[in-house]
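The structure appears below as structure tokens.
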Amino acid sequence: MAFFLLRRIATMLLTALCLTFIVFWLTNLAPNLEKLAKNQGNVRMTDEQVASFLQDRGYAQPLPLKYAQWLGVAPGWVIEGRDGTTRSRCNGALENGVLPEDARSFCGVLQGDWGYSTVFQDGVGSIIATRLGLTGKLMFWVMMVMVPGALIIGVLAGMREGSRTDRSLSTVSIITTATPEYVSGVVFIAVFASTAFGLRWFNGSATSAMENATFENFTLPVMTIALYGMGYIARMTRASMAEVMTAQYIRTARLKGVSFPNIVLKHALRNALIAPFTVIMLQFPWLLNGVVIVETLFNYKGFGWTLVQAAGNNDIELLLGVSVVSVFVVLITQLISDIGYVYLNPRISVS
Amino acid sequence: MEPLSWFEIITRVLIQFMPVWVSLISLFTLSFVYKRRLGLYGKLFDSTIGMIGFALVMFWVFTGIFGAFDLIITHDPLSQVSSMKNKPPGTAIMGVEDGQYPYYLFGGDNLARDVFSRMVKGAWVVVQIAPLATLFAFMVGITLGLPAGYYGGRLDTFLSFLANLILAFPVILLFYLLVTPEIVDTGIPNYMAMVLFIFPIIFVGVLLNSRYRTQPKVRTPLLIGVLGVMGWLYLSLISQPGTALTVLPDAVDLFNLQGGILVVFVSVVFVNSPTVFRIVRGLAMDIKTRDYVAAAQTRGERPWYIMLWEILPNARGPLIVDFCLRIGYTTILLGTLGFFGLGLPPESPDWGTTINDGRRLLQIYLHPAMVPAFALLSMVLGLNLLADGLREESLRD
């Protein structure tokens with residue numbers, strides 16, 4: 001088990017390195033840097049001015065070196081600019097051109113130095129921490145609605161395969177999987193929050209939910225995300241439940257005279273929940289997508305909204321920070337789902 | 001003129017869709033008559049769910065195709081009639097000119113364009129891109145997944161690592177990184193197109209070569225012909241004047257995709273292929289232990305023959321089902337791209353873009369966003385139902 005874990009973690013770190021390098025490369029391509037220079041400096045800069053602006057700020061170094069500096073495994077640059085100021089990566093502009101004695105020479109993600117966001121004018125680390133907290137609140141409620149809902153639907157549908165309950169619940173879950181968040185969100189807003197339809201039960205915007213989440217302003221975003229994932233998990237639970245219900249030991253229990261509710265709750269449920277567990281964990285990457293759409297749609301300024309802002313405004317360091325976090329979320333959930341699968345299902349051996 | 005009542009709107013819309021009804025009815029009649037001779041497709045007509053799904057899908061396919069020939073639409077999807085801004089469904093146009101349809105059946109959007117015609121035209125964008133992109137993703141997935149599953153070992157480890165790498169990316173982040181104008185300027189999507197679109201050629205080439213290897217007289221002309229045509233199509237597809245890749249001169253360049261469609265196409269194929277790879281790899285690993293594969297190996301067949309002519313046909317059931325589901329997923333992805341305003345031009349009538357336009361005034365005017373939303377919903381639902389029906393029918397034998 002220890003070897004398996006080590007191997008998985010090593011692969012995970014390698015994946016994370018590769019992915020962050022790809023994002024780093026894509027965000028540091030020449031046209032992106034030129035746009036950055038023109039945004040920060042002057043829109044009417046000539047090509048030469050752009051080149052010197054980028055060189056003075058360390059962008060003109062070779063890509064692997066820049067990546068190593070960003071990561072924090074290579075010492076940050078100190079460059080004497082053509083405009084006379086000496087700048088350094090870790091300590092900003094230097095007054096007399098020399099680094100102070102106690103200055104850090106390494107400052108990268110590993111040292112906890114995530115850079116500075118040009119859009120929000122704030123440190124990337126603190127932005128991500130606040131935004132992630134807000135999204136965490138959203139995700140918590142999504143999970144609270146989605147997981148029990150999906151499991152109940154799946155178990156009810158799968159315990160008597162082919163019955164009318166099964167047919168209708170399966171249709172419901174197919175419909176929810178066919179409704180992407182931007183469709184269900186729009187429909188929800190139209191039905192429950194618009195003046196045109198008349199039912200003004202909920203708020204169409206979740207901006208106020210960032211401070212103070214209430215039933216009115218938080219229901220629609222939570223329902224929108226939960227609904228899309230719910231159908232998928234419910235179908236997996238149904239399939240696995242239906243399979244378990246045909247197993248020999250269930251028949252034995254029936255012949256022994258155990259009542260049907262008891263069979264479902266005590267005998268079948270435990271085994272039927274192994275498959276949905278992995279599916280729920282693997283839903284996380286998808287939820288991340290849903291979060292981006294829903295936060296944009298409902299104007300809830302969380303992590304997904306930050307991603308859109310960073311990507312839309314070419315905020316390189318914020319975008320890198322966001323990618324690192326999201327990639328790690330995905331990889332860690334994959335790891336947990338692998339471990340959980342082995343743990344829950346003794347038939348799978350690790351080697 | 002008076003605005004139309006709901007009943008009149010529905011009747012007029014149904015009449016507008018007349019070519020679609022005719023084609024649907026003839027398709028279903030024909031399929032019913034020859035049901036027993038049509039294999040898996042015919043068996044689909046034994047399951048109610050499958051039939052409903054197929055009807056929904058074909059409705060949108062026919063709508064897309066007829067819409068492309070300007071048959072169903074009532075107005076030009078880009079033309080604006082200034083008095084019709086945000087007007088509710090069924091509003092009559094003031095001062096109708098000759099030959100102009102006198103109503104906006106589903107109302108006007110915030111730029112006073114006809115919502116109904118835009119919905120119909122939006123179907124064409126989906127019908128054009130989604131099946132083809134899915135097919136390309138399948139070619140990539142199959143061409144890489146079969147050897148990975150069949151040989152295993154280092155090749156498998158490497159390819160699986162690559163697939164997991166792409167899968168660990170949040171899709172929207174990937175879209176933002178690939179589809180922004182700055183990145184498009186560097187030509188990266190074009191180079192990706194160059195790599196991804198070569199897989200169908202490799203696939204077909206290897207497929208034919210492994211089959212006719214022993215009959216050089218058939219093989220050589222066949223390969224030259226097929227690969228020649230495909231190569232030309234390939235070069236025309238990837239070569240775009242004004243971008244980093246201009247391989248062919250204009251005279252022999254067959255077609256040029258307009259307005260960012262290539263970029264959208266590439267990113268959708270790129271996102272879908274790792275999942276297909278994983279499915280194919282799993283199936284290949286399962287099927288390679290069967291007796292008929294062992295028999296073929298004993299017979300001395302080449303590995304690629306075994307992969308493409310023994311393993312692949314026996315993996316078709318799950319692959320067909322996944323193909324349907326994946327077209328639905330691709331439709332959702334296209335909508336996502338449109339929703340974030342990525343790739344397609346802002347005036348494009350595709351459903352994602354129209355939903356995004358409509359949602360800004362959603363609190364007051366429902367119809368501009370609701371019409372494309374329900375169109376997208378019904379199409380994806382149809383594909384899911386179709387996949388469900390196919391799964392049921394293919395499991396039956």
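Each chain of the structure tokens is named A, B, ... in the order shown, its residues numbered from 1; ligands are numbered from 1 in display order.
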
Item to complete: Give the residues of chain A that lie within 9 Å of chain B; count only C-alpha atoms, and format the answer as an NGL selection string.
Response: :A and (11 or 15-16 or 18-19 or 23 or 26-27 or 29-32 or 35 or 171 or 174-180 or 182-184 or 186-187 or 189-190 or 193-197 or 204 or 285-286 or 288-289 or 292-293 or 297 or 307-308 or 311-312 or 319 or 323 or 326-328 or 330-331)

Discussion item. At a cut-off of 10 Å, using only C-alpha atoms, what residues contact range 228-231 of chain A? Leave out same-chain residues fewer than 5 positions from it and give the result as a PyMOL selection string.
Written reply: chain A and resi 142-143+145-151+153-154+169-181+184+223+236-237+279-280+283-284+286-287+290

Worksheet entry | Nearby residues (only C-alpha atoms) at most 10 Å from Leu334 in chain B, same-chain spacing under 6 positions excluded, as an MDAnalysis selection string | chainID B and resid 125:126 129:130 264:265 267:268 328 342:344 350:353

Fill in: CA of Ser105 in chain A to CA of Val73 in chain A, distance in Å rounded to a single decimal
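Pair CA of Ser105 in chain A / CA of Val73 in chain A returns 10.1 Å.
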
Worksheet item: Mind checking DSSP for range 140-232 of chain A and telling me the helix (DSSP H, G or I) residues as a VMD selection string?
Response: chain A and resid 140 to 159 164 to 177 181 to 193 207 to 210 215 to 232

Item to complete: Within 12 Å of range 143-156 of chain B, counting only C-alpha atoms, which residues show up once you throw out same-chain ones fewer than 2 positions away? Write them as an MDAnalysis selection string, please.
Response: chainID B and resid 136:141 158:164 196:207 273:289 293 303:313 315

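Excluding Asp166 in chain A itself and same-chain residues fewer than 5 positions from it, the residues having an atom within 9 Å of it are A:Ile153, A:Gly154, A:Leu156, A:Ala157, A:Gly158, A:Met159, A:Arg160, A:Glu161, A:Thr171, A:Arg238, counting only C-alpha atoms.
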
Atoms kept (C-alpha atoms) for selection, written as a PDB file, in the first residue's frame:
ATOM      1  CA  ILE A 153     -32.875   8.427  -6.519  1.00  0.00           C
ATOM      2  CA  GLY A 154     -30.382   5.780  -7.621  1.00  0.00           C
ATOM      3  CA  LEU A 156     -34.969   3.764  -5.262  1.00  0.00           C
ATOM      4  CA  ALA A 157     -34.665   3.230  -9.008  1.00  0.00           C
ATOM      5  CA  GLY A 158     -32.244   0.319  -8.792  1.00  0.00           C
ATOM      6  CA  MET A 159     -33.878  -1.716  -6.047  1.00  0.00           C
ATOM      7  CA  ARG A 160     -36.739  -2.829  -8.292  1.00  0.00           C
ATOM      8  CA  GLU A 161     -35.326  -2.798 -11.791  1.00  0.00           C
ATOM      9  CA  THR A 171     -36.036   9.439 -17.149  1.00  0.00           C
ATOM     10  CA  ARG A 238     -28.920   2.661 -10.082  1.00  0.00           C
TER      11      ARG A 238
END

Worksheet item: Pick the closest to Phe277 in chain A from A:Val258, A:Leu220, A:Leu63, A:Ala234: which is it, counting only C-alpha atoms?
Response: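 Of the candidates, the smallest distance to Phe277 in chain A is held by A:Ala234.
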
Worksheet item: Hey, what's within 6 Å of Phe298 in chain A if we count only C-alpha atoms and toss same-chain stuff fewer than 3 positions away? As a ChimeraX atom specification, please?
Response: /A:205-206,294-295

Worksheet item: Separation of CA of Gln40 in chain A and CA of Leu320 in chain A, in Å?
Response: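 That distance, rounded to one decimal, is 18.2 Å.
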
Worksheet item: Can you tell me how far CA of Pro89 in chain B sits from CA of Val115 in chain B, in Å to one decimal?
Response: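 A separation of 8.8 Å between them.
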
Fill in: Distance query Gly67 in chain B at most 10 Å, only C-alpha atoms, self and fewer than 2 positions along chain excluded, as a list in words
Phe17, Val20, Trp60, Val61, Phe62, Thr63, Gly64, Ile65, Phe69, Asp70, Leu71, Ile72, Ile73, Ser117, Arg118, Met119, Val120, Lys121, Gly122, Ala123 and Trp124 of chain B

Worksheet item: Hey, what does DSSP flag as strand (DSSP E or B) within range 72-167 of chain A? Can you give it to me as a count of residues only?
Response: 13

Practice prompt. Kindly indicate which residue among B:Ile142, B:Leu233, B:Val218, B:Ile238 lies nearest to Pro189 in chain B, using only C-alpha atoms for the distances.
Written response: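 Among B:Ile142, B:Leu233, B:Val218, B:Ile238, it is B:Ile238 that comes nearest to Pro189 in chain B.
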
Worksheet item: With only C-alpha atoms as the basis for distance, which of A:Trp77, A:Tyr232, A:Tyr343, A:Phe303 is at the shortest distance from Thr135 in chain A?
Response: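 When distances to Thr135 in chain A are compared using only C-alpha atoms, the smallest one comes from A:Phe303.
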